[in-house]
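Engineer: I have a structure I would like to understand better, so I am pasting it below and will then ask my questions one at a time.
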Amino acid sequence: MSEFVDARTLPAGMVLTPDIAIVGGGPAGISLAMALANNTKLDLLLLESGSANFDPAVQALYTGSQSGDAYAPLEVGRLRTLGGGTNHWGGWSRPLDAIDFEKRDWVPHSGWPFPKAALDAYYPIAQNLIEAGPWIYDKGDSVAAANAPMMPLGEGGLYTSWFQFSKMRGDVVPTRFGARYEGSLKAAANIKPLLNANVTAVRLTPNAQQVDRLDAATLNPEGGIGKRFTIRPRHVVMAAGGMENARLLLASNDVMKAGVGNQNDLVGRFFGDNPIPRNVATLVVFGGKLASYYGSTQTLGEARMRAVFAPTAAFARSKKVMGSLTTLEYPVELDDIGKAAVITAANALGVDASSARAYSVGCGMELLPDRDRRLTLTGETDALGLPRLKLHNIVSDADFALYRQTLAELGRQVLASGAGLLRINCSRREDWLKNMDWGHHHLGTVRMHVDPRQGVVDGDGKVHGIANLFVAGSAVFPTYGASNPTLNLIALTLRLADHLKKVAT
Amino acid sequence: MNRRALIAGLAAAGAAVAAGLYRFTDVFVKHHPATPYDDLLTHLPDRDQAKRLGALVKGTPDANALAAQLRGKMPRGLSAAAKADIAAGRLVEVEGWLLPQSMVLLAALAAKS
Ligand SMILES: Cc1cc2nc3c(=O)[nH]c(=O)nc-3n(C[C@H](O)[C@H](O)[C@H](O)COP(=O)(O)OP(=O)(O)OC[C@H]3O[C@@H](n4cnc5c(N)ncnc54)[C@H](O)[C@@H]3O)c2cc1C
């Protein structure tokens, strides 16, 4: 049993020597610590910059700048508090598809070092950790049909797929890892959770083949650095989030001048997120009624679920489109042209559209990997002296054009089933950007590839060329489909835990 | 009243009743002036709505050529032609609406007629 320790109470200059130091207490760091503690005697140090409560001064360490296409301010899309992003996440969960792991010849830089099957054993455990109910992603159709009829789709490139939601019943919020697993972290004899502990640099040995130590500091309540201390671990796992992992590696540039692991200029590049353009289309349902599990989360069986439309792998391959998940949102009114389209189409197909209703369509998209969509360090520093990040964001016209093809196929399929028809509301770039949200899924900045020239970490999450440095979280995803990342990054982290148990015990 | 006047009067009254009836039924079934394309346009039960849509279709040939094209496309009627279009992915976007090609061409013909 170890209580949380406040790093501000440590003696200045202290040196800690755990077997494994985990940098960051978000869902990745917490899942990793718990998995590593299980059935091992590994001495684990979990370093978390924040504490159990939100602190604006700590949060301000995340502030950065940006250029290119509009994006959320860097301090808005993440939380520097124990539990990280799960303190404000939406709980949307869905495993990546097998095709997301494949090398897709139409997607440059695609392909994971291993297939989805490598995560099969870890998904159920990740699902338990996020408390999203039994694994019924693939059984949504049957549980839904027992509840209310599904919208028929004619044969084609899209199918009805399902999200499950982290614990969200009544007024219960999705699982917040800090609060939820506080007891487990404290109960594990071999985890030492250290709060208010900011890692400020990853120091390599002079030959750059090993992490020698981590520099860490606390934040003074009045601003600036409080206490400095050092960690000399046998192994380090960076689990500081999809932006901050890159930032720490880039900023640690005393031995490797371009930053740790950045010998091939990849750290911070290929930044990804899932754009969520709103009201991209209008879907008319001739019969009017739409089961409630399309527009919002519903309890189906023993899980909270929501239906979406996903491209099949065969369609993605034949049309060379990217991953996407199309959602139905809220009812909308039709204008006169819309009414004319509905009446004329329904007459042509011989279906009754007298009760037709229209719904706004949204989506989550996968972007084409782009090495110029990237994080870099600026000359500005935070209260701990660390250079701040700048994001250069790019959404290409090709990204929109590819998703448009998927929408057109959905439109064809609802016509084919006689269930309705679809209007694509976005043609010009500004139409797409007008109502653009982002998933706050920070991906790809420390990408994984077996070849060091194409990836920062290898298939085990180890930084190429550095024996004892690993990275956990969605920063390592080389491609990422349109599924929200947390379930997936936890599954991947659990796989890393198994690997670390082998190399560190 | 002589016989001729009576016949004329009855004819006028008949015409008035017929006109009234025509107008009355117009409430239920819209009557459109005859066109050379009525064999095609009869597939549009709501021709006014189709016209509204058809007016927005761009790049179609003149009515005669359009009608000739459509006669070739819909030997078994609009419904069969539309379903074949959908199956084959022959959809046309009209103001963003994704619609079967034959239906769109027919709507365009209605707008030109
Ligand atoms: C509004 C919002 C909604 C979201 N909704 C969903 C959703 O519905 N489904 C989904 O799958 N995902 C969602 N996400 C994304 C989700 O929050 C992230 O995928 C997830 O939190 C990433 O986990 P992580 O542990 O890798 O990183 P984080 O959660 O970012 O955790 C990193 C931790 O590291 C700590 N840290 C950072 N720097 C240092 C340092 N130098 N030293 C020590 N500690 C440090 C931070 O304080 C933090 O606790 C959402 C995100 C946002 C912002």
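If you're wondering about the labels, chains in the structure tokens are A, B, ... by order shown, residues count from 1 in each chain, ligands from 1 in order shown.
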Counting only C-alpha atoms, give me one row per residue of chain B with an atom at most 10 Å from an atom of chain A, showing the shortest contact pair and its distance in Å to one decimal, sorted by chain then residue number, as a Markdown table.

Structural biologist:
| residue | atom | partner | partner_atom | distance |
| --- | --- | --- | --- | --- |
| B:His43 | CA | A:Ala348 | CA | 7.7 |
| B:Leu44 | CA | A:Asn347 | CA | 7.2 |
| B:Pro45 | CA | A:Asn347 | CA | 6.9 |
| B:Asp46 | CA | A:Thr344 | CA | 7.0 |
| B:Arg47 | CA | A:Thr344 | CA | 8.3 |
| B:Asp48 | CA | A:Ala340 | CA | 8.5 |
| B:Gln49 | CA | A:Ala340 | CA | 4.7 |
| B:Ala50 | CA | A:Thr344 | CA | 5.7 |
| B:Lys51 | CA | A:Ala340 | CA | 8.5 |
| B:Arg52 | CA | A:Ala340 | CA | 6.6 |
| B:Leu53 | CA | A:Ala340 | CA | 6.0 |
| B:Gly54 | CA | A:Ala340 | CA | 9.4 |
| B:Leu56 | CA | A:Ile337 | CA | 9.1 |
| B:Gly77 | CA | A:Ala348 | CA | 9.2 |
| B:Leu78 | CA | A:Ala348 | CA | 6.0 |
| B:Ser79 | CA | A:Ala348 | CA | 5.1 |
| B:Ala80 | CA | A:Leu349 | CA | 8.2 |
| B:Ala81 | CA | A:Ala348 | CA | 9.0 |
| B:Ala82 | CA | A:Ala348 | CA | 6.9 |
| B:Lys83 | CA | A:Ala416 | CA | 7.0 |
| B:Ala84 | CA | A:Ala416 | CA | 9.4 |
| B:Asp85 | CA | A:Ala416 | CA | 9.5 |
| B:Ile86 | CA | A:Ala416 | CA | 6.0 |
| B:Ala87 | CA | A:Ala416 | CA | 6.8 |
| B:Ala88 | CA | A:Arg412 | CA | 9.5 |
| B:Gly89 | CA | A:Arg412 | CA | 6.9 |
| B:Arg90 | CA | A:Arg412 | CA | 9.0 |
| B:Leu91 | CA | A:Arg412 | CA | 7.5 |
| B:Glu93 | CA | A:Arg423 | CA | 8.2 |
| B:Val94 | CA | A:Ala341 | CA | 8.6 |
| B:Glu95 | CA | A:Arg423 | CA | 7.9 |
| B:Gly96 | CA | A:Ile424 | CA | 4.8 |
| B:Trp97 | CA | A:Arg423 | CA | 4.0 |
| B:Leu98 | CA | A:Arg423 | CA | 6.0 |
| B:Leu99 | CA | A:Ala345 | CA | 7.1 |
| B:Pro100 | CA | A:Ala345 | CA | 8.0 |
| B:Ser102 | CA | A:Ala348 | CA | 9.5 |
| B:Met103 | CA | A:Ala348 | CA | 6.9 |
| B:Val104 | CA | A:Ala345 | CA | 9.0 |
| B:Ala107 | CA | A:Thr344 | CA | 8.2 |

Engineer: I'd like a table as CSV: residues in chain A with an atom no more than 6 Å from ligand 1, each row giving the shortest atom pair and its distance in Å to one decimal, only C-alpha atoms and all ligand atoms counted, sorted by chain and rising residue number.

Structural biologist:
residue,atom,partner,partner_atom_place_in_ligand_line,distance
A:Val23,CA,ligand 1,43 (C),5.0
A:Gly24,CA,ligand 1,34 (O),3.2
A:Gly25,CA,ligand 1,49 (O),4.4
A:Gly26,CA,ligand 1,31 (O),3.4
A:Pro27,CA,ligand 1,25 (O),4.0
A:Ala28,CA,ligand 1,25 (O),3.7
A:Gly29,CA,ligand 1,25 (O),5.6
A:Leu47,CA,ligand 1,43 (C),5.2
A:Glu48,CA,ligand 1,44 (N),3.9
A:Ser49,CA,ligand 1,44 (N),3.8
A:Gly50,CA,ligand 1,47 (O),5.0
A:Gly77,CA,ligand 1,53 (C),3.8
A:Arg78,CA,ligand 1,53 (C),4.7
A:Arg80,CA,ligand 1,47 (O),3.2
A:Thr81,CA,ligand 1,47 (O),4.5
A:Leu82,CA,ligand 1,49 (O),4.6
A:Gly83,CA,ligand 1,49 (O),5.1
A:Gly84,CA,ligand 1,49 (O),3.3
A:Gly85,CA,ligand 1,21 (O),3.4
A:Thr86,CA,ligand 1,17 (O),4.9
A:His88,CA,ligand 1,1 (C),5.3
A:Trp89,CA,ligand 1,4 (C),3.5
A:Gly90,CA,ligand 1,8 (O),3.3
A:Gly91,CA,ligand 1,8 (O),3.9
A:Trp92,CA,ligand 1,8 (O),3.7
A:Ser93,CA,ligand 1,11 (O),5.3
A:Ala197,CA,ligand 1,43 (C),5.7
A:Asn198,CA,ligand 1,42 (N),3.7
A:Val199,CA,ligand 1,42 (N),4.0
A:Thr200,CA,ligand 1,41 (N),5.7
A:Ala239,CA,ligand 1,26 (O),5.6
A:Ala240,CA,ligand 1,34 (O),3.5
A:Gly241,CA,ligand 1,27 (O),3.4
A:Glu244,CA,ligand 1,38 (N),5.5
A:His440,CA,ligand 1,51 (C),4.7
A:His441,CA,ligand 1,15 (C),4.9
A:Gly473,CA,ligand 1,26 (O),4.1
A:Ser474,CA,ligand 1,26 (O),6.0
A:Asn484,CA,ligand 1,11 (O),4.0
A:Pro485,CA,ligand 1,11 (O),4.3
A:Thr486,CA,ligand 1,11 (O),3.7
A:Leu487,CA,ligand 1,11 (O),5.9

Engineer: If we count only C-alpha atoms, what is near A:Asn279 at a cut-off of 7 Å, once residues fewer than 6 positions away on the same chain are taken out, given as an MDAnalysis selection string?

Structural biologist: chainID A and resid 360:362

Engineer: If I take atom CA of B:Thr42 and atom CA of B:Pro61, how far is one from the other in Å, to one decimal?

Structural biologist: 20.2 Å

Engineer: Among stretch 264-457 of chain A, which ones does DSSP place in strand (DSSP E), written as a compact mmCIF listing (two decimals) with C-alpha atoms, in the first residue's frame?

Structural biologist:
# COMPACT_ATOMS: atom_id res chain seq x y z
CA PRO A 275 -11.56 15.86 -37.70
CA ILE A 276 -15.25 15.97 -36.94
CA PRO A 277 -16.88 18.20 -39.55
CA ALA A 281 -24.86 15.91 -45.21
CA THR A 282 -28.60 15.66 -44.77
CA LEU A 283 -30.14 12.22 -44.66
CA VAL A 284 -33.86 11.92 -45.38
CA VAL A 285 -35.56 8.87 -43.96
CA GLN A 298 -28.75 4.09 -25.81
CA THR A 299 -28.61 1.13 -23.50
CA LEU A 300 -28.69 -1.96 -25.67
CA ALA A 303 -23.89 -1.69 -22.92
CA ARG A 304 -24.34 1.90 -24.00
CA MET A 305 -24.17 1.96 -27.76
CA ARG A 306 -24.61 4.14 -30.80
CA ALA A 307 -24.90 3.18 -34.44
CA VAL A 308 -22.64 4.69 -37.11
CA PHE A 309 -21.88 3.90 -40.74
CA ALA A 310 -18.40 2.61 -41.57
CA PRO A 311 -16.77 1.74 -44.89
CA SER A 324 -14.51 7.31 -41.48
CA LEU A 325 -17.43 6.87 -39.14
CA THR A 326 -20.59 8.65 -40.20
CA THR A 327 -23.13 9.60 -37.57
CA LEU A 328 -26.74 10.73 -37.67
CA GLU A 329 -27.29 13.70 -35.42
CA TYR A 330 -30.46 15.79 -35.05
CA PRO A 331 -33.61 16.47 -37.12
CA VAL A 332 -33.43 19.32 -39.64
CA ARG A 357 -37.93 13.42 -41.89
CA ALA A 358 -34.48 14.79 -42.44
CA TYR A 359 -31.46 14.42 -40.15
CA SER A 360 -28.14 16.18 -40.03
CA VAL A 361 -25.16 13.93 -40.70
CA GLY A 362 -21.77 14.23 -39.02
CA CYS A 363 -18.62 12.15 -39.07
CA GLY A 364 -15.21 11.38 -37.71
CA MET A 365 -12.56 11.16 -40.40
CA ARG A 374 3.61 18.66 -37.27
CA LEU A 375 4.65 19.82 -33.84
CA THR A 376 7.79 21.87 -33.41
CA LEU A 377 9.35 23.67 -30.48
CA THR A 378 9.21 27.44 -30.28
CA GLY A 379 11.53 29.92 -28.61
CA GLU A 380 8.94 30.54 -25.94
CA THR A 381 9.25 28.59 -22.71
CA PRO A 387 10.15 25.21 -24.96
CA ARG A 388 6.49 25.49 -25.89
CA LEU A 389 4.95 23.60 -28.79
CA LYS A 390 3.66 24.92 -32.06
CA LEU A 391 1.28 22.89 -34.19
CA HIS A 392 1.15 23.39 -37.94
CA ASN A 393 -2.17 21.89 -38.95
CA GLY A 420 -34.27 7.45 -48.00
CA LEU A 421 -31.93 9.79 -49.77
CA LEU A 422 -28.97 11.94 -48.97
CA ARG A 423 -27.74 15.42 -49.71
CA ILE A 424 -24.03 16.20 -49.45
CA MET A 436 -15.20 21.65 -38.09
CA ASP A 437 -14.59 20.13 -34.68
CA TRP A 438 -11.71 17.91 -33.67

Engineer: Which one is closest to B:Leu106: B:Val57, B:Ala65, B:Ala34, B:Leu41? Count only C-alpha atoms.

Structural biologist: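 Nearest candidate to B:Leu106 out of B:Val57, B:Ala65, B:Ala34, B:Leu41: B:Leu41.
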
Engineer: Between atom CA of A:Ala313 and atom CA of A:Pro152, what distance in Å does the model show, to one decimal?

Structural biologist: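 Taking atom CA of A:Ala313 and atom CA of A:Pro152, their separation equals 19.6 Å.
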